[in-house]
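**Q** Provided herewith is a single structure, encoded as structure tokens, for subsequent inquiry.
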There are 2 protein chains.
Amino acid sequence: MQLSRARIISAAVDLIEREGVEAVSMRRIAALLDCGVMSLYNHVPSKAALLDDVAERVISGIEFTAMPGASWEEQVRAQARAFRAIARKYPRSTMLVVSRPTASLTGLRPIENALATLREAGCGGSEAVLIVRAFIAFIMGSLLREVGVTPGLREDERGGEAIMAAAAPDPAEFPQVTSLATELSRRDPDGDFEFGLDLLVHAIAALLPATPAA
Amino acid sequence: MQLSRARIISAAVDLIEREGVEAVSMRRIAALLDCGVMSLYNHVPSKAALLDDVAERVISGIEFTAMPGASWEEQVRAQARAFRAIARKYPRSTMLVVSRPTASLTGLRPIENALATLREAGCGGSEAVLIVRAFIAFIMGSLLREVGVTPGLREDERGGEAIMAAAAPDPAEFPQVTSLATELSRRDPDGDFEFGLDLLVHAIAALLPATPAA
DNA sequence: ACCTGAACACCGTTCAAGT
DNA sequence: ACCTGAACACCGTTCAAGT
């Protein structure tokens with residue numbers, strides 16, 4: 001099959017998901033594609049650019065299902081969940097999305113959608129921008145936490161948090177952490193995400209004019 | 001001067017802040033410390049472990065000033081700001097903090113403080129954990145955005161957002177992004193952070209029992 | 001236009017040898 | 001106990017040569 005930028009990106013994504021970002025090298029990818037290393041450079045300017053492309057590929061995979069009749073709360077939630085879904089689909093590539101600033105247009109789609117939803121709910125322009133930024137920060141941070149275990153490929157603490165793994169903290173110095181150890185080591189990304197989403201949605205509701213479209 | 005783990009970490013932090021994470025190599029650090037590369041391995045097990053140490057060093061630099069009389073709102077805000085302050089002090093090392101799961105005890109200090117503040121405000125245990133997680137997600141995401149420009153060492157879009165840099169988006173496809181272009185390209189990390197902090201603090205206030213310690 | 005091997009200037013880390 | 005040079009198995013990328 002013909003070499004192409006798209007095919008190279010796909011190979012990179014596959015490799016990342018299988019062995020982690022650290023395993024990516026131009027030579028490994030070339031081997032996967034059965035071509036010489038330098039052939040890659042006919043389609044991709046550099047490894048850094050390739051990783052940017054991977055991030056963009058992942059982002060462009062976000063699937064927004066339009067919800068015409070739904071309230072803005074439901075729409076915002078749905079958009080946030082759609083974004084977070086990439087962490088499920090491409091757990092190890094997500095770190096790339098989160099750590100590289102997306103300079104392309106694909107990253108604008110989620111922002112456009114969120115802004116539209118908020119403005120339709122009666123939100124002012126600059127306020128909508130601030131809200132979207134806060135949401136993105138929360139979502140990105142959630143992805144980080146969720147995916148943070150994976151990239152180091154240390155699978156040792158499967159169920160619990162890395163935090164409690166090393167050594168038990170001194171109860172005198174860390175009374176709260178000690179007494180809440182069970183809660184802290186419980187791993188429930190969905191629950192955590194939904195809780196944070198609730199917080200933000202409620203806070204936004206308090207900002208908006210009451211029932212603007214009713 | 002004698003070689004030591006602490007000195008190696010310091011050299012790594014300096015190098016990162018000066019030239020970025022990508023510039024770090026065991027050989028460069030050895031050169032900075034005027035020793036053979038392999039001498040480093042007497043004090044640090046691997047490069048990955050060294051980068052973990054760097055993250056820990058940065059986190060341990062967070063300075064919490066106790067605020068005995070203040071309301072929980074003010075305390076939570078102060079703690080969040082203290083955490084974010086590391087992005088000011090060590091902009092390029094921050095990416096490391098954010099991308100590596102901290103397995104050590106130093107990372108527990110901020111969590112302990114936040115939990116204590118919330119519980120004192122009348123918050124239930126499991127609720128406090130969820131709130132702290134939401135806060136951390138937001139803070140981490142904010143750090144990412146703030147620092148995301150730096151590590152790629154592309155200083156080309158100093159003032160504006162990377163988003164708008166490449167090409168103007170199609171107004172028909174991105175009406176909101178187009179009409180809010182000015183707002184979106186405005187760069188104000190402090191304002192963004194404070195706005196998000198406000199959202200979260202207000203949402204939490206709605207969850208807590210009214211004036212618990214009054 | 002696309003492919004490619006050789007070569008260059010780097011990596012992290014193992015190992016055996018030094019003190 | 002700490003240091004170290006040589007060596008190994010890798011890197012990304014330039015360049016000149018092929019088709």
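Residues in the structure tokens are numbered from 1 in each chain, the chains being A, B, ... in the order shown, and ligands are numbered from 1 in the order shown.
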Using only C-alpha atoms (C1' of nucleotides), determine which residues lie at most 8 Å from stretch 63-71 of chain A, disregarding the query and same-chain residues fewer than 6 positions distant; provide the list as JSON, numbers by chain.

**A** {"A": [78, 79, 82, 83]}

**Q** Find the spatial neighbours of stretch 174-179 of chain A, counting only C-alpha atoms (C1' of nucleotides), within a cut-off of 8 Å - ignore same-chain residues fewer than 3 positions away - and output them as number ranges by chain.

**A** A: 169-171, 182, 184; B: 108-109, 111-112, 115-116

**Q** Stretch 36-46 of chain A: which residues within 8 Å, counting only C-alpha atoms (C1' of nucleotides), same-chain residues fewer than 2 positions away excluded, as a list in words?

**A**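 Counting only the stated atoms, we get Leu3, Ser4, Arg5, Ile8, Met26, Arg27, Ile29, Ala30, Ala31, Asp34, Ala48, Ala49 and Leu50 of chain A; DC2, DC3 and DT4 of chain C.
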
**Q** Could you write those residues out with N, CA and C atoms (P, O5', C5', C4', C3', O3' and C1' of nucleotides), as a PDB file, in the first residue's frame?

**A**
```
ATOM      1  N   LEU A   3       2.397   4.806   0.786  1.00  0.00           N
ATOM      2  CA  LEU A   3       2.666   5.587   1.988  1.00  0.00           C
ATOM      3  C   LEU A   3       1.904   6.912   1.910  1.00  0.00           C
ATOM      4  N   SER A   4       1.431   7.375   3.033  1.00  0.00           N
ATOM      5  CA  SER A   4       0.737   8.663   3.060  1.00  0.00           C
ATOM      6  C   SER A   4       0.771   9.201   4.484  1.00  0.00           C
ATOM      7  N   ARG A   5       0.530  10.470   4.598  1.00  0.00           N
ATOM      8  CA  ARG A   5       0.537  11.083   5.916  1.00  0.00           C
ATOM      9  C   ARG A   5      -0.495  10.414   6.826  1.00  0.00           C
ATOM     10  N   ILE A   8       0.672   7.098   8.057  1.00  0.00           N
ATOM     11  CA  ILE A   8       1.737   7.242   9.049  1.00  0.00           C
ATOM     12  C   ILE A   8       1.145   7.604  10.408  1.00  0.00           C
ATOM     13  N   MET A  26      10.651   7.190  14.855  1.00  0.00           N
ATOM     14  CA  MET A  26      10.487   7.169  13.403  1.00  0.00           C
ATOM     15  C   MET A  26      10.882   5.802  12.851  1.00  0.00           C
ATOM     16  N   ARG A  27      11.872   5.225  13.437  1.00  0.00           N
ATOM     17  CA  ARG A  27      12.345   3.921  12.958  1.00  0.00           C
ATOM     18  C   ARG A  27      11.318   2.824  13.213  1.00  0.00           C
ATOM     19  N   ILE A  29       8.080   3.218  13.497  1.00  0.00           N
ATOM     20  CA  ILE A  29       6.947   3.444  12.610  1.00  0.00           C
ATOM     21  C   ILE A  29       7.276   2.991  11.195  1.00  0.00           C
ATOM     22  N   ALA A  30       8.472   3.319  10.759  1.00  0.00           N
ATOM     23  CA  ALA A  30       8.898   2.875   9.428  1.00  0.00           C
ATOM     24  C   ALA A  30       8.845   1.357   9.325  1.00  0.00           C
ATOM     25  N   ALA A  31       9.294   0.700  10.378  1.00  0.00           N
ATOM     26  CA  ALA A  31       9.273  -0.765  10.385  1.00  0.00           C
ATOM     27  C   ALA A  31       7.841  -1.274  10.280  1.00  0.00           C
ATOM     28  N   ASP A  34       6.716  -0.970   6.855  1.00  0.00           N
ATOM     29  CA  ASP A  34       7.566  -1.653   5.872  1.00  0.00           C
ATOM     30  C   ASP A  34       8.192  -0.687   4.874  1.00  0.00           C
ATOM     31  N   ALA A  48       8.123  15.672  15.823  1.00  0.00           N
ATOM     32  CA  ALA A  48       7.271  16.567  16.609  1.00  0.00           C
ATOM     33  C   ALA A  48       5.975  16.870  15.853  1.00  0.00           C
ATOM     34  N   ALA A  49       6.103  17.140  14.568  1.00  0.00           N
ATOM     35  CA  ALA A  49       4.917  17.425  13.759  1.00  0.00           C
ATOM     36  C   ALA A  49       4.009  16.206  13.692  1.00  0.00           C
ATOM     37  N   LEU A  50       4.611  15.043  13.620  1.00  0.00           N
ATOM     38  CA  LEU A  50       3.816  13.811  13.587  1.00  0.00           C
ATOM     39  C   LEU A  50       3.010  13.665  14.877  1.00  0.00           C
TER      40      LEU A  50
ATOM     41  P    DC C   2       4.614  13.059  -3.897  1.00  0.00           P
ATOM     42  O5'  DC C   2       5.672  11.880  -3.977  1.00  0.00           O
ATOM     43  C5'  DC C   2       5.250  10.538  -3.830  1.00  0.00           C
ATOM     44  C4'  DC C   2       6.465   9.670  -3.907  1.00  0.00           C
ATOM     45  C3'  DC C   2       6.969   9.180  -2.566  1.00  0.00           C
ATOM     46  O3'  DC C   2       6.575   7.823  -2.415  1.00  0.00           O
ATOM     47  C1'  DC C   2       8.740   9.707  -4.067  1.00  0.00           C
ATOM     48  P    DC C   3       6.718   7.180  -0.980  1.00  0.00           P
ATOM     49  O5'  DC C   3       8.214   6.650  -1.052  1.00  0.00           O
ATOM     50  C5'  DC C   3       8.480   5.466  -1.790  1.00  0.00           C
ATOM     51  C4'  DC C   3       9.965   5.335  -1.999  1.00  0.00           C
ATOM     52  C3'  DC C   3      10.755   4.841  -0.791  1.00  0.00           C
ATOM     53  O3'  DC C   3      10.990   3.446  -0.920  1.00  0.00           O
ATOM     54  C1'  DC C   3      11.911   6.541  -2.040  1.00  0.00           C
ATOM     55  P    DT C   4      11.409   2.642   0.376  1.00  0.00           P
ATOM     56  O5'  DT C   4      12.932   3.042   0.503  1.00  0.00           O
ATOM     57  C5'  DT C   4      13.849   2.643  -0.511  1.00  0.00           C
ATOM     58  C4'  DT C   4      15.184   3.263  -0.254  1.00  0.00           C
ATOM     59  C3'  DT C   4      15.753   2.977   1.127  1.00  0.00           C
ATOM     60  O3'  DT C   4      16.758   2.005   1.001  1.00  0.00           O
ATOM     61  C1'  DT C   4      16.229   5.173   0.342  1.00  0.00           C
TER      62       DT C   4
END
```

**Q** Compile the residues of chain C that lie within 12 Å of chain B, evaluated using only C-alpha atoms (C1' of nucleotides), and express the compilation as a list of chain:residue names.

**A**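 Putting it all together, I get C:DC10, C:DC11, C:DG12, C:DT13, C:DT14, C:DC15.
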
**Q** Could the residues of chain A within 8 Å of chain B, counting only C-alpha atoms, be given as a ChimeraX atom specification, please?

**A** /A:95,98-105,107-109,111-112,115-116,125-126,129-131,133-134,136-142,144-145,148-149,152,162-167,169,174-177,180,183-184,192-193,195-196,199-200,202-204

**Q** Enter the distance from atom CA of B:Arg81 to atom CA of B:Asp188, in Å, rounded to one decimal.

**A**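 Straight-line distance from atom CA of B:Arg81 to atom CA of B:Asp188 works out to 14.9 Å.
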
**Q** Need the shell around B:Val24: protein/DNA/RNA residues with any atom at most 9 Å away, counting only C-alpha atoms (C1' of nucleotides). Skip same-chain ones fewer than 5 positions apart. Format as a PyMOL selection string?

**A** chain B and resi 12+15-16+19+29

**Q** Using DSSP secondary structure from the backbone, list all alpha helix (DSSP H) positions within stretch 6-196 of chain A, as a compact mmCIF listing (two decimals) with C-alpha atoms, in the first residue's frame.

**A**
```
# COMPACT_ATOMS: atom_id res chain seq x y z
CA ALA A 6 -2.74 9.56 7.07
CA ARG A 7 -1.29 6.08 7.11
CA ILE A 8 1.74 7.24 9.05
CA ILE A 9 -0.48 8.92 11.63
CA SER A 10 -2.56 5.77 11.97
CA ALA A 11 0.55 3.69 12.53
CA ALA A 12 1.70 6.16 15.17
CA VAL A 13 -1.65 6.04 16.98
CA ASP A 14 -1.63 2.26 16.93
CA LEU A 15 1.89 2.12 18.27
CA ILE A 16 1.12 4.62 21.02
CA GLU A 17 -1.98 2.75 22.13
CA ARG A 18 -0.12 -0.53 22.13
CA GLU A 19 3.15 0.50 23.74
CA MET A 26 10.49 7.17 13.40
CA ARG A 27 12.35 3.92 12.96
CA ARG A 28 9.67 1.86 14.71
CA ILE A 29 6.95 3.44 12.61
CA ALA A 30 8.90 2.87 9.43
CA ALA A 31 9.27 -0.77 10.38
CA LEU A 32 5.51 -1.03 10.98
CA LYS A 47 8.63 13.62 14.63
CA ALA A 48 7.27 16.57 16.61
CA ALA A 49 4.92 17.43 13.76
CA LEU A 50 3.82 13.81 13.59
CA LEU A 51 2.91 13.85 17.27
CA ASP A 52 0.96 17.05 16.67
CA ASP A 53 -0.88 15.22 13.92
CA VAL A 54 -1.65 12.37 16.29
CA ALA A 55 -3.15 14.81 18.78
CA GLU A 56 -5.24 16.32 16.02
CA ARG A 57 -6.40 12.93 14.81
CA VAL A 58 -7.57 12.06 18.29
CA ILE A 59 -9.36 15.36 18.77
CA SER A 60 -11.08 15.11 15.44
CA TRP A 72 -28.31 23.95 27.73
CA GLU A 73 -27.35 22.03 30.86
CA GLU A 74 -27.83 18.73 29.09
CA GLN A 75 -26.04 19.98 26.02
CA VAL A 76 -23.05 21.22 27.95
CA ARG A 77 -22.84 17.96 29.81
CA ALA A 78 -23.08 15.96 26.61
CA GLN A 79 -20.33 18.00 24.98
CA ALA A 80 -18.05 17.58 27.97
CA ARG A 81 -18.67 13.84 28.00
CA ALA A 82 -18.01 13.58 24.29
CA PHE A 83 -14.69 15.26 24.80
CA ARG A 84 -13.79 13.01 27.67
CA ALA A 85 -14.74 9.97 25.65
CA ILE A 86 -11.48 10.25 23.75
CA ALA A 87 -9.70 9.22 26.92
CA ARG A 88 -11.60 5.96 26.70
CA LYS A 89 -10.96 5.42 23.03
CA THR A 94 -4.70 11.46 25.20
CA MET A 95 -1.60 12.64 27.01
CA LEU A 96 -0.47 14.03 23.69
CA VAL A 97 -3.72 15.93 23.20
CA VAL A 98 -3.40 17.38 26.63
CA SER A 99 0.26 18.33 26.48
CA LEU A 108 -12.08 24.73 17.27
CA ARG A 109 -15.10 22.50 16.73
CA PRO A 110 -15.71 21.73 20.41
CA ILE A 111 -15.19 25.37 21.31
CA GLU A 112 -17.63 26.55 18.66
CA ASN A 113 -20.26 24.13 19.91
CA ALA A 114 -19.84 25.09 23.53
CA LEU A 115 -19.96 28.80 22.76
CA ALA A 116 -23.10 28.37 20.69
CA THR A 117 -24.84 26.47 23.46
CA LEU A 118 -23.97 29.05 26.08
CA ARG A 119 -24.90 32.04 23.97
CA GLU A 120 -28.21 30.46 23.14
CA GLY A 125 -19.88 36.80 24.73
CA SER A 126 -16.94 37.38 27.02
CA GLU A 127 -18.65 35.43 29.76
CA ALA A 128 -19.16 32.49 27.42
CA VAL A 129 -15.46 32.49 26.59
CA LEU A 130 -14.52 32.45 30.27
CA ILE A 131 -16.94 29.63 30.97
CA VAL A 132 -15.67 27.55 28.10
CA ARG A 133 -12.11 28.05 29.28
CA ALA A 134 -13.04 26.92 32.77
CA PHE A 135 -14.73 23.84 31.33
CA ILE A 136 -11.78 23.00 29.16
CA ALA A 137 -9.43 23.35 32.11
CA PHE A 138 -11.59 21.00 34.14
CA ILE A 139 -11.92 18.48 31.34
CA MET A 140 -8.23 18.53 30.52
CA GLY A 141 -7.35 18.10 34.16
CA SER A 142 -9.76 15.20 34.42
CA LEU A 143 -8.21 13.54 31.39
CA LEU A 144 -4.78 13.99 32.93
CA ARG A 145 -5.80 12.26 36.13
CA GLU A 146 -7.56 9.50 34.28
CA VAL A 147 -4.74 8.86 31.88
CA PRO A 175 -4.99 13.38 59.58
CA GLN A 176 -7.50 14.02 56.80
CA VAL A 177 -5.65 11.95 54.24
CA THR A 178 -5.37 9.18 56.77
CA SER A 179 -9.01 9.14 57.81
CA ALA A 181 -7.74 6.90 52.88
CA THR A 182 -10.50 4.63 51.66
CA GLU A 183 -12.26 7.41 49.78
CA LEU A 184 -8.99 8.65 48.33
CA SER A 185 -7.92 5.26 47.05
CA PRO A 189 -13.28 8.48 37.06
CA ASP A 190 -16.88 8.60 35.87
CA GLY A 191 -18.19 9.61 39.25
CA ASP A 192 -15.45 12.19 39.73
CA PHE A 193 -16.10 13.68 36.33
CA GLU A 194 -19.84 13.85 36.75
CA PHE A 195 -19.47 15.47 40.14
CA GLY A 196 -17.21 18.18 38.79
```

**Q** For atom C1' of C:DA17 and atom C1' of D:DC8, quote the distance in Å rounded to one decimal.

**A**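 Going from atom C1' of C:DA17 over to atom C1' of D:DC8 covers 17.3 Å.
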
**Q** Just to confirm, what's the straight-line distance from atom CA of B:Gly122 to atom CA of A:Arg186 in Å (one decimal)?

**A** 21.9 Å
